[in-house]
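Trainee: Next up, query.txt (compact mmCIF, C-alpha atoms and all ligand atoms).
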```txt
# COMPACT_ATOMS: atom_id res chain seq x y z
CA MET A 1 0.00 0.00 0.00
CA GLY A 2 1.20 3.52 -0.80
CA LYS A 3 1.83 6.21 1.75
CA LYS A 4 -1.11 8.12 3.19
CA ILE A 5 -1.69 11.54 1.67
CA ILE A 6 -1.57 14.83 3.53
CA LEU A 7 -2.67 18.24 2.36
CA SER A 8 -2.59 21.54 4.19
CA GLY A 9 -2.10 25.23 3.53
CA ILE A 10 -1.81 28.74 4.86
CA GLN A 11 -3.34 31.93 3.55
CA SER A 12 -0.96 34.55 2.21
CA THR A 13 -2.30 37.48 4.22
CA GLY A 14 0.15 39.41 6.41
CA LYS A 15 3.06 38.00 8.39
CA LEU A 16 3.04 34.46 9.76
CA THR A 17 2.64 34.08 13.51
CA LEU A 18 3.91 31.70 16.16
CA GLY A 19 0.37 30.24 16.00
CA ASN A 20 0.84 29.35 12.31
CA TYR A 21 4.28 27.97 13.07
CA LEU A 22 3.38 25.79 16.06
CA GLY A 23 -0.18 24.96 14.96
CA ALA A 24 0.77 24.08 11.40
CA ILE A 25 4.25 24.27 9.81
CA ASN A 26 6.24 22.79 12.70
CA ASN A 27 3.94 19.76 12.81
CA TRP A 28 4.18 19.28 9.06
CA VAL A 29 7.96 19.00 9.28
CA HIS A 30 7.55 15.87 11.40
CA MET A 31 5.25 14.23 8.85
CA GLN A 32 7.36 14.43 5.72
CA GLU A 33 9.02 11.03 6.07
CA GLU A 34 5.93 9.01 6.78
CA TYR A 35 3.39 10.59 4.41
CA ASP A 36 3.03 11.82 0.86
CA CYS A 37 2.63 15.54 1.61
CA TYR A 38 1.14 18.44 -0.36
CA TYR A 39 1.51 21.90 1.17
CA MET A 40 0.13 24.91 -0.60
CA ILE A 41 -0.09 28.64 -0.20
CA ALA A 42 -3.78 29.49 -0.27
CA ASN A 43 -3.55 32.73 -2.25
CA LEU A 44 -7.06 32.39 -3.73
CA HIS A 45 -8.50 32.27 -0.22
CA THR A 46 -6.59 35.46 0.50
CA LEU A 47 -8.78 37.36 -1.99
CA THR A 48 -11.71 37.20 0.43
CA VAL A 49 -10.19 40.29 2.07
CA ARG A 50 -8.70 43.31 0.25
CA ASN A 51 -4.98 43.09 -0.44
CA ASP A 52 -2.34 45.26 -1.99
CA PRO A 53 -1.38 43.27 -5.15
CA GLU A 54 2.37 43.71 -4.70
CA GLU A 55 2.14 42.71 -1.06
CA LEU A 56 0.09 39.63 -1.94
CA ARG A 57 2.72 38.54 -4.48
CA ASN A 58 5.51 39.05 -1.94
CA ASN A 59 3.65 37.34 0.86
CA THR A 60 3.07 34.29 -1.32
CA LEU A 61 6.81 33.91 -1.86
CA LYS A 62 7.58 34.67 1.79
CA ILE A 63 5.37 31.81 2.91
CA LEU A 64 7.01 29.43 0.47
CA ALA A 65 10.42 30.54 1.80
CA THR A 66 9.18 29.96 5.37
CA TYR A 67 8.01 26.44 4.53
CA ILE A 68 11.46 25.54 3.21
CA ALA A 69 13.34 27.39 5.97
CA ALA A 70 11.30 25.59 8.63
CA GLY A 71 12.49 22.28 7.26
CA LEU A 72 10.03 21.16 4.60
CA ASP A 73 12.28 19.55 2.04
CA PRO A 74 11.07 20.42 -1.50
CA GLU A 75 12.40 17.06 -2.68
CA LYS A 76 10.19 15.18 -0.25
CA ASN A 77 7.08 17.40 -0.23
CA THR A 78 5.04 18.94 -3.01
CA LEU A 79 5.12 22.68 -2.25
CA PHE A 80 2.87 24.76 -4.50
CA ILE A 81 0.76 27.87 -4.96
CA GLN A 82 -2.99 27.27 -5.03
CA SER A 83 -3.70 29.62 -7.98
CA GLN A 84 -1.21 27.76 -10.17
CA VAL A 85 -3.26 24.58 -10.10
CA LYS A 86 -6.44 25.70 -11.83
CA GLU A 87 -8.31 22.58 -10.74
CA HIS A 88 -8.82 24.22 -7.30
CA ALA A 89 -10.99 27.01 -8.66
CA GLU A 90 -12.88 24.63 -10.91
CA LEU A 91 -13.69 22.01 -8.29
CA GLY A 92 -14.40 24.89 -5.89
CA TRP A 93 -17.21 26.08 -8.16
CA ILE A 94 -18.59 22.57 -8.56
CA LEU A 95 -18.61 22.03 -4.80
CA ASP A 96 -20.32 25.41 -4.32
CA CYS A 97 -23.27 23.81 -6.05
CA TYR A 98 -23.35 20.97 -3.50
CA THR A 99 -22.96 23.14 -0.39
CA TYR A 100 -26.00 24.54 1.43
CA MET A 101 -26.40 28.15 2.52
CA GLY A 102 -27.41 26.90 5.97
CA GLU A 103 -24.14 25.00 6.41
CA LEU A 104 -22.05 27.96 5.32
CA SER A 105 -23.84 30.42 7.55
CA ARG A 106 -22.95 28.34 10.62
CA MET A 107 -19.18 28.74 10.06
CA THR A 108 -17.59 30.69 12.90
CA GLN A 109 -14.75 31.95 10.69
CA PHE A 110 -17.32 33.52 8.36
CA LYS A 111 -19.14 35.13 11.28
CA ASP A 112 -15.87 36.47 12.76
CA LYS A 113 -14.55 37.81 9.46
CA ALA A 114 -17.91 39.30 8.48
CA ALA A 115 -17.90 41.19 11.79
CA LYS A 116 -14.32 42.37 11.25
CA HIS A 117 -14.81 43.42 7.62
CA ALA A 118 -18.39 44.68 7.76
CA ASP A 119 -17.80 46.84 4.66
CA ASN A 120 -16.73 43.85 2.54
CA ILE A 121 -18.87 40.79 3.28
CA ASN A 122 -18.35 39.28 -0.16
CA ALA A 123 -19.66 36.03 -1.64
CA GLY A 124 -16.17 34.51 -1.58
CA LEU A 125 -15.96 34.96 2.17
CA PHE A 126 -19.20 33.01 2.45
CA THR A 127 -18.30 30.14 0.09
CA TYR A 128 -14.69 29.95 1.33
CA PRO A 129 -15.18 26.46 2.89
CA ALA A 130 -16.21 24.94 -0.48
CA LEU A 131 -12.91 26.08 -2.01
CA MET A 132 -11.06 24.71 1.00
CA ALA A 133 -12.89 21.39 0.55
CA ALA A 134 -11.79 21.38 -3.10
CA ASP A 135 -8.16 21.94 -1.99
CA ILE A 136 -8.33 18.85 0.17
CA LEU A 137 -10.51 16.53 -1.90
CA LEU A 138 -8.57 17.05 -5.16
CA TYR A 139 -5.62 15.21 -3.59
CA GLN A 140 -7.64 12.42 -1.97
CA ALA A 141 -6.01 13.52 1.28
CA ASP A 142 -6.33 11.14 4.24
CA LEU A 143 -5.14 13.65 6.83
CA VAL A 144 -5.22 17.43 7.11
CA PRO A 145 -2.90 18.85 9.79
CA VAL A 146 -4.37 22.14 11.05
CA GLY A 147 -4.97 24.16 14.21
CA GLU A 148 -8.21 23.86 16.16
CA ASP A 149 -9.77 26.88 14.40
CA GLN A 150 -9.95 24.94 11.11
CA ARG A 151 -11.74 21.92 12.52
CA GLN A 152 -15.18 23.18 11.51
CA HIS A 153 -13.99 23.57 7.89
CA LEU A 154 -12.78 19.99 7.99
CA GLU A 155 -16.21 18.85 9.15
CA ILE A 156 -17.91 20.52 6.19
CA THR A 157 -15.28 19.00 3.86
CA ARG A 158 -16.10 15.55 5.21
CA ASP A 159 -19.83 16.19 4.80
CA LEU A 160 -19.31 17.31 1.20
CA ALA A 161 -17.17 14.26 0.38
CA GLU A 162 -19.76 11.92 1.86
CA ARG A 163 -22.63 13.71 0.11
CA PHE A 164 -20.88 13.49 -3.24
CA ASN A 165 -19.87 9.85 -2.77
CA LYS A 166 -23.44 8.95 -1.88
CA LEU A 167 -24.81 10.62 -5.01
CA TYR A 168 -22.23 9.42 -7.52
CA GLY A 169 -20.37 6.49 -5.96
CA LYS A 170 -16.94 6.57 -4.32
CA THR A 171 -15.14 9.62 -5.67
CA PHE A 172 -13.38 11.26 -2.73
CA VAL A 173 -11.45 9.99 0.27
CA VAL A 174 -13.19 11.34 3.39
CA PRO A 175 -10.34 13.20 5.14
CA GLU A 176 -9.62 13.51 8.83
CA ALA A 177 -8.39 16.56 10.69
CA TYR A 178 -5.07 16.08 12.47
CA VAL A 179 -4.90 18.55 15.34
CA ARG A 180 -1.91 18.22 17.69
CA LYS A 181 -3.07 18.78 21.24
CA GLU A 182 -0.09 20.85 22.47
CA SER A 183 -0.32 23.39 19.67
CA ALA A 184 -3.99 23.25 18.70
CA ARG A 185 -4.76 26.78 19.79
CA ILE A 186 -2.01 29.23 20.66
CA MET A 187 -3.61 32.23 22.34
CA GLY A 188 -2.75 35.93 22.28
CA LEU A 189 -0.11 37.08 24.78
CA GLN A 190 -2.14 40.12 25.81
CA ASP A 191 -5.55 38.53 25.44
CA PRO A 192 -5.13 34.83 26.29
CA GLU A 193 -8.88 34.28 25.84
CA SER A 194 -8.58 34.78 22.03
CA LYS A 195 -6.39 32.94 19.55
CA MET A 196 -3.12 34.50 18.45
CA SER A 197 -3.92 36.03 15.09
CA LYS A 198 -2.17 37.84 12.23
CA SER A 199 -4.74 40.61 12.45
CA ALA A 200 -4.28 41.39 16.17
CA THR A 201 -4.67 45.10 16.88
CA ASN A 202 -2.19 45.09 19.77
CA PRO A 203 1.30 44.23 18.38
CA ASN A 204 2.35 42.78 21.77
CA ASP A 205 -0.41 40.17 21.47
CA VAL A 206 1.32 38.28 18.69
CA ILE A 207 4.78 36.86 17.98
CA PHE A 208 5.65 36.92 14.29
CA ILE A 209 8.02 34.28 12.94
CA GLU A 210 10.15 37.14 11.57
CA ASP A 211 10.42 38.95 14.94
CA GLU A 212 13.97 39.71 16.13
CA PRO A 213 15.09 37.98 19.38
CA GLU A 214 14.88 41.22 21.43
CA VAL A 215 11.34 41.80 20.22
CA ILE A 216 10.32 38.24 21.09
CA MET A 217 11.84 38.58 24.57
CA LYS A 218 10.10 41.92 25.13
CA LYS A 219 6.71 40.58 24.06
CA PHE A 220 6.98 37.52 26.32
CA LYS A 221 8.07 39.66 29.27
CA LYS A 222 4.93 41.75 28.78
CA ALA A 223 2.64 38.71 28.45
CA VAL A 224 -0.46 38.84 30.65
CA THR A 225 -0.43 36.32 33.52
CA ASP A 226 -2.15 36.49 36.94
CA SER A 227 -1.24 37.39 40.52
CA GLU A 228 -0.62 33.87 41.85
CA ASN A 229 3.01 33.66 40.69
CA ARG A 230 2.74 29.88 40.38
CA ILE A 231 3.38 27.86 37.19
CA LYS A 232 0.40 25.53 36.98
CA PHE A 233 -1.64 24.36 33.98
CA ASP A 234 -5.22 25.53 34.37
CA PRO A 235 -6.59 27.10 31.15
CA GLU A 236 -9.86 28.15 32.87
CA LYS A 237 -8.43 29.98 35.86
CA LYS A 238 -4.94 30.77 34.53
CA PRO A 239 -5.30 31.31 30.76
CA GLY A 240 -2.16 33.44 30.39
CA VAL A 241 0.23 31.09 32.20
CA SER A 242 -1.39 28.03 30.61
CA ASN A 243 -0.88 29.49 27.14
CA LEU A 244 2.81 30.12 27.87
CA MET A 245 3.07 26.53 29.12
CA GLN A 246 1.40 25.32 25.93
CA ILE A 247 3.93 27.22 23.81
CA TYR A 248 6.82 25.86 25.89
CA SER A 249 5.41 22.35 25.62
CA ALA A 250 4.94 22.55 21.84
CA ILE A 251 8.56 23.61 21.45
CA THR A 252 10.32 21.43 24.02
CA ASP A 253 8.00 18.39 23.83
CA LYS A 254 7.79 18.42 27.65
CA ASN A 255 4.38 17.67 29.14
CA MET A 256 2.58 19.90 31.65
CA GLN A 257 3.71 17.91 34.74
CA GLU A 258 7.32 18.13 33.61
CA ILE A 259 6.99 21.87 33.09
CA GLU A 260 5.33 22.36 36.47
CA ALA A 261 8.16 20.41 38.10
CA GLU A 262 10.84 22.34 36.20
CA PHE A 263 9.49 25.69 37.46
CA GLU A 264 8.45 24.61 40.96
CA GLY A 265 9.30 27.46 43.33
CA LYS A 266 10.22 29.82 40.49
CA GLY A 267 8.33 32.97 39.57
CA TYR A 268 6.76 34.26 36.37
CA GLY A 269 9.82 36.38 35.54
CA ASP A 270 12.08 33.32 35.18
CA PHE A 271 9.40 31.34 33.44
CA LYS A 272 8.72 34.01 30.80
CA VAL A 273 12.44 34.29 30.01
CA ALA A 274 12.69 30.50 29.61
CA VAL A 275 9.68 30.41 27.26
CA ALA A 276 11.02 33.35 25.24
CA ASN A 277 14.45 31.70 24.94
CA SER A 278 12.93 28.42 23.77
CA VAL A 279 11.07 30.28 21.02
CA ILE A 280 14.10 32.41 20.09
CA ASP A 281 16.40 29.37 19.86
CA ASN A 282 13.88 27.40 17.86
CA LEU A 283 13.19 30.19 15.38
CA LYS A 284 16.79 31.37 14.95
CA PRO A 285 17.88 28.81 12.31
CA VAL A 286 14.52 29.21 10.55
CA GLN A 287 14.95 32.99 10.38
CA GLU A 288 18.50 32.73 9.06
CA LYS A 289 17.59 30.25 6.36
CA TYR A 290 14.46 32.24 5.48
CA LYS A 291 16.45 35.41 4.76
CA GLU A 292 18.84 33.48 2.56
CA ILE A 293 16.14 31.65 0.58
CA LEU A 294 14.06 34.77 0.04
CA GLN A 295 16.99 36.38 -1.80
CA ASN A 296 16.98 33.56 -4.33
CA LYS A 297 13.86 34.21 -6.39
CA ASP A 298 14.96 31.80 -9.15
CA TYR A 299 15.20 28.96 -6.67
CA LEU A 300 11.73 29.74 -5.30
CA LYS A 301 10.32 29.85 -8.83
CA GLU A 302 11.85 26.49 -9.62
CA ILE A 303 10.27 24.97 -6.49
CA TYR A 304 6.78 26.34 -7.07
CA THR A 305 6.81 25.52 -10.78
CA LYS A 306 7.82 21.93 -10.11
CA GLY A 307 5.35 21.76 -7.22
CA ALA A 308 2.41 22.90 -9.35
CA GLU A 309 3.30 20.39 -12.06
CA SER A 310 3.39 17.56 -9.59
CA ALA A 311 0.20 18.69 -7.80
CA ARG A 312 -1.66 18.99 -11.11
CA LYS A 313 -1.08 15.31 -11.89
CA LEU A 314 -3.21 14.19 -8.98
CA ALA A 315 -5.64 17.11 -9.04
CA SER A 316 -6.52 16.73 -12.72
CA LYS A 317 -7.25 13.04 -12.29
CA THR A 318 -9.75 13.72 -9.51
CA LEU A 319 -11.37 16.61 -11.36
CA GLU A 320 -11.76 14.52 -14.52
CA ASP A 321 -13.50 11.80 -12.53
CA VAL A 322 -15.83 14.37 -10.91
CA LYS A 323 -16.73 15.96 -14.26
CA ASN A 324 -17.45 12.59 -15.84
CA LYS A 325 -19.68 11.63 -12.97
CA ILE A 326 -21.77 14.80 -12.98
CA GLY A 327 -22.06 15.13 -16.76
CA ILE A 328 -19.77 18.06 -17.52
CA LEU A 329 -18.27 17.68 -21.00
P1 LIG A 401 -4.76 30.23 8.21
O1 LIG A 401 -3.97 30.82 7.11
O2 LIG A 401 -5.64 31.13 9.00
O3 LIG A 401 -3.83 29.46 9.22
C1 LIG A 401 -2.88 28.50 8.77
C2 LIG A 401 -2.71 27.38 9.78
O4 LIG A 401 -2.29 27.91 11.04
C3 LIG A 401 -3.17 27.46 12.07
N1 LIG A 401 -3.26 28.50 13.10
C4 LIG A 401 -3.13 28.27 14.41
N2 LIG A 401 -2.89 27.16 15.12
C5 LIG A 401 -2.79 27.26 16.45
N3 LIG A 401 -2.93 28.43 17.12
C6 LIG A 401 -3.18 29.58 16.46
N4 LIG A 401 -3.30 30.73 17.13
C7 LIG A 401 -3.29 29.54 15.04
N5 LIG A 401 -3.51 30.48 14.09
C8 LIG A 401 -3.50 29.82 12.92
C9 LIG A 401 -4.50 27.22 11.37
O5 LIG A 401 -5.33 26.35 12.10
C10 LIG A 401 -4.04 26.63 10.06
O6 LIG A 401 -3.77 25.27 10.19
N6 LIG A 401 -8.48 28.13 5.63
C11 LIG A 401 -7.12 27.97 6.07
C12 LIG A 401 -6.13 27.83 4.90
C13 LIG A 401 -6.48 26.73 3.97
C14 LIG A 401 -6.33 25.33 4.23
C15 LIG A 401 -6.78 24.69 3.05
C16 LIG A 401 -5.89 24.60 5.32
C17 LIG A 401 -6.97 26.87 2.72
N7 LIG A 401 -7.16 25.63 2.16
C18 LIG A 401 -6.79 23.28 2.96
C19 LIG A 401 -5.90 23.21 5.23
C20 LIG A 401 -6.35 22.56 4.06
C21 LIG A 401 -6.73 29.20 6.87
O7 LIG A 401 -7.31 30.25 6.74
O8 LIG A 401 -5.63 29.02 7.64
```
Show me, as C-alpha cells, the structure contained in the file I just sent.

Mentor:
Amino acid sequence: MGKKIILSGIQSTGKLTLGNYLGAINNWVHMQEEYDCYYMIANLHTLTVRNDPEELRNNTLKILATYIAAGLDPEKNTLFIQSQVKEHAELGWILDCYTYMGELSRMTQFKDKAAKHADNINAGLFTYPALMAADILLYQADLVPVGEDQRQHLEITRDLAERFNKLYGKTFVVPEAYVRKESARIMGLQDPESKMSKSATNPNDVIFIEDEPEVIMKKFKKAVTDSENRIKFDPEKKPGVSNLMQIYSAITDKNMQEIEAEFEGKGYGDFKVAVANSVIDNLKPVQEKYKEILQNKDYLKEIYTKGAESARKLASKTLEDVKNKIGIL
C-alpha cells in the first residue's frame, strides 16, 4: 500500500505568527518522512479580504520561503501555490453547487470575518469552505494537519465528500483533521482568551516568525499572567500562564507535569524568560535560512513551478473523474 496523503495550507495574508508555526508548519515537518505531503499557499482564499497586489505577491513567496526554511524539504514534499493549479478554482465552483447556505452560515470563521470586515462581506468569504474542501478533496487527502480553528472547515469538507460519494459512488477519500493537542490553539499574549492572530490590533499580542530575538523577549516579558506567581496548567483559571506553558510544551516536547516540576518554586519572571528563549532558539535557524532563501527568487520559482506540475497530476485526475460523474463535457 502507498503512503497516506496529507494536504494543508496557509493563507498569504500578512506576516506568519507563532500560532501558524506551532499549529501548522512545525507539525508538518515531522510528517514528511511518513506521508506523501502536499503543502500549498492558499492565495485564492486570500482574496476574500482586500490586499495590496504587490504585497500579496511578496507574501506568497515569503510563505514558500518559510516552509522551506522551517524544514520542509522540497524534494520530499510537493510545495505549490494554489492559484497555479487551476483545478482548485474549478472544483471549488462545482462544490459550491453541493454546499448549502445553511451549512455555510454556521461557520464561525465567516461570522468572525464578516464582523471584522463589515464593509466587505463578499460572496467569496461566504463560500470559502467549499474552495477549502476542493483543496483537500482534489488530492484524496487522508489527513489534514491544522490548528483547532480549522476543525469546523474539515467537518464541512467531510460532509461534502460523503454527500458526493453517496450521489455518484466513491469519488473522494473522506479526510480527517489532524490537530496536535499541544499546539492546537495558541492564544494571544495580551488577550489569552482569544487565539493568536495575524490581524491582532495590539502588536504585543502576537509573535511573528520574523520577529527579532529582542522583540520576542520583550513581548513575552509583557505577556499577561495572573497574581498567583505559580506555574500551573489551568486554562480556565490561569489562561495566560497556561498558554505560555502550551507554547513551551509545543517547542520542548515536555508535558505539563514536567513543566510544572521544572518551574516549581520559580516565579513568572524566570518562566517568561525560559519560554522566550525556547522560542528564540527554535526560530533562529529558521529565520536565518528564510532570509537566505528569500533572496533567491529563481530557486523559489523552480520549487513552485515543479510543485504545481506535480500537484496537477493528482488534481486533474480527480477533477476529470468528478466531471465525468456529474455530466460536464
Ligand atoms: P490560516 O492561514 O488562518 O492558518 C494557517 C494554519 O495555522 C493554524 N493557526 C493556528 N494554530 C494554532 N494556534 C493559532 N493561534 C493559530 N492560528 C492559525 C490554522 O489552524 C491553520 O492550520 N483556511 C485555512 C487555509 C487553507 C487550508 C486549506 C488549510 C486553505 N485551504 C486546505 C488546510 C487545508 C486558513 O485560513 O488558515

Trainee: What is the distance between CA of Asn27 in chain A and atom C1 of ligand LIG 401 (chain A), in Å to one decimal?

Mentor: 11.8 Å

Trainee: Write out as a PyMOL selection string the residues lying within 9 Å of Asn77 in chain A, counting only C-alpha atoms and excluding same-chain residues fewer than 3 positions away.

Mentor: chain A and resi 32+36-39+72-74+307

Trainee: Env of Asn202 in chain A: 10 Å cut, atoms = all atoms listed in the file, seq-sep filter 5 positions within chain, self excluded. Answer as a PyMOL selection string.

Mentor: chain A and resi 188-191

Trainee: Neighbours of ligand LIG 401 (chain A) at 6 Å or closer, counting all atoms listed in the file: which residues, as a list in words?

Mentor: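 Counting all atoms listed in the file, the residues within 6 Å of ligand LIG 401 (chain A) come out as Leu7, Ser8, Gly9, Ile10, Gln11, Gly19, Asn20, Gly23, Ala24, Ala42, Met132, Asp135, Ile136, Val146, Gly147, Glu148, Asp149, Gln150, Ser183, Ala184, Arg185, Ile186, Met187, Lys195, Met196 and Ser197 of chain A.
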
Trainee: Just checking: using only C-alpha atoms, which residue out of A:Pro145, A:Ala114, A:Glu214, A:Leu244 ends up closest to Thr48 in chain A?

Mentor: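 Once distances to Thr48 in chain A are computed over only C-alpha atoms, the minimum belongs to A:Ala114.
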
Trainee: Compile the contact shell of Ser310 in chain A as a ChimeraX atom specification: residues with an atom at most 10 Å away, counting only C-alpha atoms, same-chain residues fewer than 3 positions apart removed.

Mentor: /A:38,78-80,85,304-307,313-315

Trainee: Write the residues of the preceding selection, restricted to C-alpha atoms, as a compact mmCIF listing (two decimals), keeping the file's coordinate frame.

Mentor:
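Here's the written file again.txt:
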```txt
# COMPACT_ATOMS: atom_id res chain seq x y z
CA TYR A 38 1.14 18.44 -0.36
CA THR A 78 5.04 18.94 -3.01
CA LEU A 79 5.12 22.68 -2.25
CA PHE A 80 2.87 24.76 -4.50
CA VAL A 85 -3.26 24.58 -10.10
CA TYR A 304 6.78 26.34 -7.07
CA THR A 305 6.81 25.52 -10.78
CA LYS A 306 7.82 21.93 -10.11
CA GLY A 307 5.35 21.76 -7.22
CA LYS A 313 -1.08 15.31 -11.89
CA LEU A 314 -3.21 14.19 -8.98
CA ALA A 315 -5.64 17.11 -9.04
```

Trainee: Record the distance separating CA of Ala69 in chain A and CA of Thr17 in chain A, expressed in Å with one decimal.

Mentor: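 Distance between the two atoms: 14.7 Å.
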
Trainee: Between A:Ile81, A:Met101, A:Ile63, A:Ala123, which is the closest to Val49 in chain A once you count all atoms listed in the file?

Mentor: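 Distance minimum relative to Val49 in chain A lands on A:Ala123.
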
Trainee: Neighbours of Arg106 in chain A within 12 Å (only C-alpha atoms; same-chain residues fewer than 4 positions away dropped), as a PDB file with C-alpha atoms, in the coordinates of the input?

Mentor:
```pdb
ATOM      1  CA  TYR A 100     -26.000  24.540   1.430  1.00  0.00           C
ATOM      2  CA  MET A 101     -26.400  28.150   2.520  1.00  0.00           C
ATOM      3  CA  GLY A 102     -27.410  26.900   5.970  1.00  0.00           C
ATOM      4  CA  PHE A 110     -17.320  33.520   8.360  1.00  0.00           C
ATOM      5  CA  LYS A 111     -19.140  35.130  11.280  1.00  0.00           C
ATOM      6  CA  ASP A 112     -15.870  36.470  12.760  1.00  0.00           C
ATOM      7  CA  PHE A 126     -19.200  33.010   2.450  1.00  0.00           C
ATOM      8  CA  THR A 127     -18.300  30.140   0.090  1.00  0.00           C
ATOM      9  CA  PRO A 129     -15.180  26.460   2.890  1.00  0.00           C
ATOM     10  CA  GLN A 152     -15.180  23.180  11.510  1.00  0.00           C
ATOM     11  CA  HIS A 153     -13.990  23.570   7.890  1.00  0.00           C
ATOM     12  CA  GLU A 155     -16.210  18.850   9.150  1.00  0.00           C
ATOM     13  CA  ILE A 156     -17.910  20.520   6.190  1.00  0.00           C
TER      14      ILE A 156
END
```

Trainee: Would you give the centre and edge lengths, in Å to one decimal, of a box along x, y and z around the listed atoms of range 3-22 of chain A, with 6 Å added to each side, as JSON?

Mentor:
```
{"center_x": 0.5, "center_y": 22.8, "center_z": 8.9, "size_x": 19.6, "size_y": 45.2, "size_z": 26.5}
```

Trainee: Go through A:Leu22, A:Ile6, A:Met31, A:Val224 one by one, measure the shortest atom-to-atom distance of each to Ile251 in chain A using all atoms listed in the file, and give the residue with the smallest value.

Mentor: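 That would be A:Leu22, the residue with the smallest distance to Ile251 in chain A.
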
Trainee: Quick one: residues within 6 Å of Ala276 in chain A, only C-alpha atoms, excluding same-chain residues fewer than 3 positions away - as a count of residues only?

Mentor: 4

Trainee: What does the distance from CA of Asn204 in chain A to CA of Leu16 in chain A come to in Å, to one decimal?

Mentor: 14.6 Å

Trainee: Taking only C-alpha atoms into account, which of A:Ala200, A:Val206, A:Ala177, A:Met40 comes nearest Thr66 in chain A?

Mentor: A:Met40

Trainee: Pick from A:Leu61, A:Val173, A:Ala141, A:Ala130: nearest to Lys3 in chain A, with all atoms listed in the file counted?

Mentor: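 Using all atoms listed in the file, the shortest distance to Lys3 in chain A belongs to A:Ala141.
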
Trainee: Ranking A:Val322, A:Thr99, A:Asp253, A:Asp211 by minimum distance to Val286 in chain A and counting all atoms listed in the file, which one comes first?

Mentor: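 Checking each candidate against Val286 in chain A, we get A:Asp211 as the closest.
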